[in-house]
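Text of the file work-v7.cif, holding mmCIF, C-alpha atoms (C1' of nucleotides):
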```cif
data_start
#
loop_
_atom_site.label_atom_id
_atom_site.label_comp_id
_atom_site.auth_asym_id
_atom_site.auth_seq_id
_atom_site.Cartn_x
_atom_site.Cartn_y
_atom_site.Cartn_z
CA MET A 1 8.80 -3.11 -4.76
CA ASN A 2 5.66 -3.98 -6.65
CA TYR A 3 2.02 -4.07 -5.66
CA TRP A 4 -0.63 -6.58 -6.62
CA LEU A 5 -4.20 -7.64 -6.17
CA MET A 6 -5.25 -11.27 -5.88
CA LYS A 7 -8.77 -12.60 -6.01
CA SER A 8 -10.18 -15.50 -4.08
CA GLU A 9 -13.66 -16.72 -3.30
CA PRO A 10 -14.31 -16.29 0.43
CA ASP A 11 -16.25 -19.57 0.55
CA VAL A 12 -13.26 -21.45 -0.84
CA PHE A 13 -10.33 -19.55 0.64
CA GLY A 14 -11.03 -16.20 2.23
CA ILE A 15 -8.86 -13.89 4.26
CA ASP A 16 -9.96 -15.61 7.47
CA HIS A 17 -8.56 -18.87 6.16
CA LEU A 18 -5.20 -17.26 5.51
CA GLN A 19 -5.14 -15.64 8.92
CA LYS A 20 -5.60 -19.04 10.57
CA MET A 21 -2.82 -20.79 8.70
CA PRO A 22 0.43 -21.62 10.49
CA LYS A 23 2.61 -18.50 10.33
CA LYS A 24 -0.44 -16.92 8.64
CA THR A 25 1.12 -18.10 5.42
CA ASP A 26 -0.07 -20.26 2.56
CA HIS A 27 0.76 -21.02 -1.02
CA TRP A 28 -1.52 -19.51 -3.64
CA ASP A 29 -2.25 -22.63 -5.60
CA GLY A 30 -4.81 -23.44 -8.25
CA VAL A 31 -4.13 -20.58 -10.65
CA ARG A 32 -4.62 -21.99 -14.15
CA ASN A 33 -4.34 -18.91 -16.28
CA TYR A 34 -1.17 -18.07 -18.19
CA GLN A 35 -1.17 -14.35 -17.60
CA ALA A 36 -1.56 -14.84 -13.88
CA ARG A 37 0.99 -17.64 -13.95
CA ASN A 38 3.55 -15.43 -15.63
CA MET A 39 3.16 -12.76 -12.98
CA MET A 40 3.68 -15.23 -10.16
CA ARG A 41 6.57 -16.96 -11.87
CA ASP A 42 8.42 -13.91 -13.17
CA GLN A 43 7.38 -10.72 -11.50
CA MET A 44 6.20 -11.18 -7.93
CA LYS A 45 9.08 -10.58 -5.55
CA LYS A 46 9.62 -11.23 -1.89
CA GLY A 47 8.29 -8.29 0.07
CA ASP A 48 5.75 -7.21 -2.53
CA LEU A 49 2.43 -6.22 -1.02
CA VAL A 50 -0.88 -7.62 -2.19
CA PHE A 51 -4.51 -6.68 -1.73
CA PHE A 52 -6.67 -9.65 -0.81
CA TYR A 53 -9.87 -9.42 -2.85
CA HIS A 54 -13.02 -11.43 -2.25
CA SER A 55 -14.73 -12.40 -5.48
CA ASN A 56 -17.90 -14.20 -6.45
CA CYS A 57 -19.70 -13.32 -3.25
CA ALA A 58 -22.36 -11.00 -1.89
CA GLU A 59 -19.97 -8.07 -1.47
CA PRO A 60 -16.98 -8.36 -3.75
CA GLY A 61 -14.12 -6.08 -2.77
CA ILE A 62 -10.79 -5.59 -1.03
CA VAL A 63 -10.69 -6.99 2.48
CA GLY A 64 -7.04 -7.07 3.49
CA ILE A 65 -3.35 -6.94 2.80
CA MET A 66 -0.81 -9.71 2.47
CA LYS A 67 2.84 -9.97 1.59
CA VAL A 68 4.77 -12.17 -0.82
CA VAL A 69 7.12 -14.30 1.29
CA ARG A 70 8.24 -16.83 -1.31
CA GLU A 71 8.76 -16.22 -5.01
CA GLY A 72 7.39 -18.33 -7.83
CA TYR A 73 7.83 -22.10 -7.64
CA PRO A 74 5.95 -25.00 -9.25
CA ASP A 75 2.34 -25.56 -8.18
CA HIS A 76 2.47 -29.18 -7.01
CA THR A 77 -1.32 -29.47 -6.94
CA ALA A 78 -1.19 -29.66 -10.73
CA PHE A 79 0.65 -33.00 -10.46
CA ASP A 80 -1.84 -34.71 -8.16
CA PRO A 81 -4.83 -36.43 -9.81
CA SER A 82 -6.83 -36.16 -6.59
CA GLU A 83 -6.57 -32.38 -6.65
CA LYS A 84 -9.32 -30.25 -8.05
CA TYR A 85 -6.90 -28.34 -10.23
CA TYR A 86 -4.96 -31.36 -11.43
CA ASP A 87 -3.52 -30.79 -14.89
CA PRO A 88 -2.09 -33.88 -16.60
CA LYS A 89 -0.21 -31.62 -18.98
CA SER A 90 1.90 -30.21 -16.20
CA ASP A 91 4.97 -32.38 -15.73
CA PRO A 92 7.15 -32.16 -12.60
CA ASP A 93 10.15 -32.01 -14.95
CA ASN A 94 8.58 -29.17 -16.88
CA PRO A 95 5.94 -27.56 -14.68
CA ARG A 96 3.25 -25.57 -16.37
CA TRP A 97 1.81 -23.85 -13.28
CA TYR A 98 3.47 -21.78 -10.59
CA MET A 99 2.50 -20.26 -7.28
CA VAL A 100 3.88 -17.95 -4.63
CA ASP A 101 3.60 -18.00 -0.85
CA VAL A 102 1.77 -15.14 0.79
CA GLN A 103 1.54 -14.07 4.41
CA TYR A 104 -1.38 -12.35 6.09
CA GLN A 105 -0.58 -8.79 7.15
CA ARG A 106 -3.85 -7.28 8.25
CA LYS A 107 -7.44 -6.72 7.30
CA THR A 108 -8.37 -3.36 5.88
CA LYS A 109 -10.35 -1.18 8.27
CA ARG A 110 -13.40 -1.77 6.15
CA LEU A 111 -14.41 -3.65 3.05
CA ILE A 112 -13.63 -1.49 0.06
CA SER A 113 -16.22 -2.73 -2.37
CA LEU A 114 -15.86 -3.18 -6.09
CA GLN A 115 -18.87 -0.95 -6.52
CA GLU A 116 -17.07 1.86 -4.71
CA LEU A 117 -13.77 1.30 -6.51
CA LYS A 118 -15.58 1.60 -9.82
CA GLY A 119 -16.56 5.13 -8.95
CA TYR A 120 -13.06 6.64 -8.80
CA ARG A 121 -11.37 8.14 -11.84
CA GLU A 122 -8.03 7.41 -10.19
CA LEU A 123 -8.68 3.72 -10.72
CA GLU A 124 -10.16 3.71 -14.19
CA ASP A 125 -6.96 2.18 -15.60
CA CYS A 126 -7.04 -0.70 -13.16
CA PRO A 127 -8.18 -3.93 -14.82
CA LEU A 128 -10.24 -4.72 -11.75
CA VAL A 129 -12.92 -2.20 -12.55
CA ARG A 130 -13.09 -2.93 -16.25
CA LYS A 131 -15.99 -4.89 -17.56
CA GLY A 132 -15.46 -8.53 -18.21
CA ASN A 133 -12.14 -8.62 -16.41
CA ARG A 134 -11.38 -12.13 -15.26
CA LEU A 135 -7.75 -11.85 -14.25
CA SER A 136 -7.34 -13.31 -10.80
CA ILE A 137 -3.99 -11.62 -10.25
CA MET A 138 -3.16 -8.13 -11.42
CA PRO A 139 -0.55 -5.47 -10.86
CA ILE A 140 -1.51 -2.29 -9.00
CA SER A 141 0.52 0.86 -9.53
CA LYS A 142 2.02 2.59 -6.50
CA LYS A 143 -0.29 5.53 -7.12
CA GLN A 144 -3.32 3.27 -7.15
CA TRP A 145 -2.11 1.38 -4.11
CA ASP A 146 -1.69 4.58 -2.10
CA PHE A 147 -5.03 5.88 -3.29
CA ILE A 148 -6.86 2.74 -2.23
CA LEU A 149 -5.13 2.73 1.16
CA LYS A 150 -6.39 6.25 1.80
CA LEU A 151 -9.93 5.12 1.04
CA GLU A 152 -9.72 2.92 4.10
CA ASN A 153 -10.13 5.92 6.35
CA ARG A 154 -13.08 7.35 4.51
CA LYS A 155 -16.66 6.38 5.03
CA ALA A 156 -17.89 3.85 2.48
CA ALA A 157 -18.97 5.67 -0.65
"C1'" DG B 1 -29.26 -18.83 -11.18
"C1'" DC B 2 -28.37 -15.99 -15.21
"C1'" DC B 3 -25.43 -14.50 -18.54
"C1'" DA B 4 -21.69 -11.52 -20.65
"C1'" DA B 5 -16.99 -11.69 -21.32
"C1'" DC B 6 -13.15 -14.01 -21.98
"C1'" DG B 7 -9.55 -17.92 -22.39
"C1'" DT B 8 -8.66 -22.41 -24.21
"C1'" DT B 9 -9.21 -26.26 -27.22
"C1'" DG B 10 -9.19 -28.65 -31.32
"C1'" DG B 11 -10.87 -29.49 -36.11
"C1'" DC B 12 -9.85 -28.01 -40.42
"C1'" DG C 1 -3.44 -19.97 -38.29
"C1'" DC C 2 -8.42 -19.37 -38.15
"C1'" DC C 3 -12.43 -19.68 -35.60
"C1'" DA C 4 -16.47 -22.15 -33.60
"C1'" DA C 5 -17.50 -24.56 -29.60
"C1'" DC C 6 -16.95 -25.01 -25.08
"C1'" DG C 7 -15.81 -24.11 -20.17
"C1'" DT C 8 -14.99 -20.78 -16.59
"C1'" DT C 9 -15.13 -16.43 -14.14
"C1'" DG C 10 -17.51 -13.42 -11.53
"C1'" DG C 11 -20.87 -9.53 -11.14
"C1'" DC C 12 -25.46 -9.06 -10.51
#
```
Let me see the structure of the file written as structure tokens.
Amino acid sequence: MNYWLMKSEPDVFGIDHLQKMPKKTDHWDGVRNYQARNMMRDQMKKGDLVFFYHSNCAEPGIVGIMKVVREGYPDHTAFDPSEKYYDPKSDPDNPRWYMVDVQYQRKTKRLISLQELKGYRELEDCPLVRKGNRLSIMPISKKQWDFILKLENRKAA
DNA sequence: GCCAACGTTGGC
DNA sequence: GCCAACGTTGGC
């Protein structure tokens, strides 16, 4: 099993949105970055666990946990000209963009902020805390995953 | 709202 | 294949 972190802007699609979806499940559409695409298409497997991360907001950080419930399949929003992330170069016969389905598991006991995460040596290898990182999906090692989960029970640093 | 960092595009 | 220009991300 693998572990991941996925970013989303809470104003656009936050963890509350996911929680309110039917079956608490939604497809993670709109990713238009090849590195992230490759991970969804090739590496994310059913049952993998994912941190839900709120980005571009007052308090960026990890807010919850979700699970991959469907493996990579074509992102149909790329085919629809009325969609914000329409990409005329993505052909239904040869799709350029992929997505996975994720299901809400739970919120973390507290928001684990980026600022806090940046302070731990255990996480210095994680792309999340590196300057200029813009990857919206990234792998998290089991060690890092377990470490972050333990932070939940601490007081905010 | 600013701006640094980065990815993508397209001319050559 | 290089690289400048441009657009986007995302923290602050």
DC12 (chain C) proximity check over A:Pro74, A:Pro60, A:Pro127, A:Pro92, using all atoms listed in the file: winner is A:Pro60
Return as a list in words the residues belonging to chain A that are within 10 Å of chain B, counting only C-alpha atoms (C1' of nucleotides).
Asn33, Tyr34, Lys131, Gly132, Asn133, Arg134 and Leu135 of chain A
For CA of Val100 (chain A) and CA of Met6 (chain A), the interatomic separation in Å (one decimal):
11.4 Å
Take the point (-2.3, 4.4, -7.4) in the file's coordinates, draw a sphere of radius 12 Å around it, and report as a ChimeraX atom specification every protein, DNA or RNA residue with an atom inside or on it, counting only C-alpha atoms (C1' of nucleotides).
/A:2-4,117,120-126,139-151
Grab all the atoms of chain B that the file lists, wrap them in a box along x, y and z, add 3 Å per side, and give me centre plus edge lengths in Å (one decimal) as JSON.
```
{"center_x": -19.0, "center_y": -20.5, "center_z": -25.8, "size_x": 26.6, "size_y": 24.0, "size_z": 35.2}
```
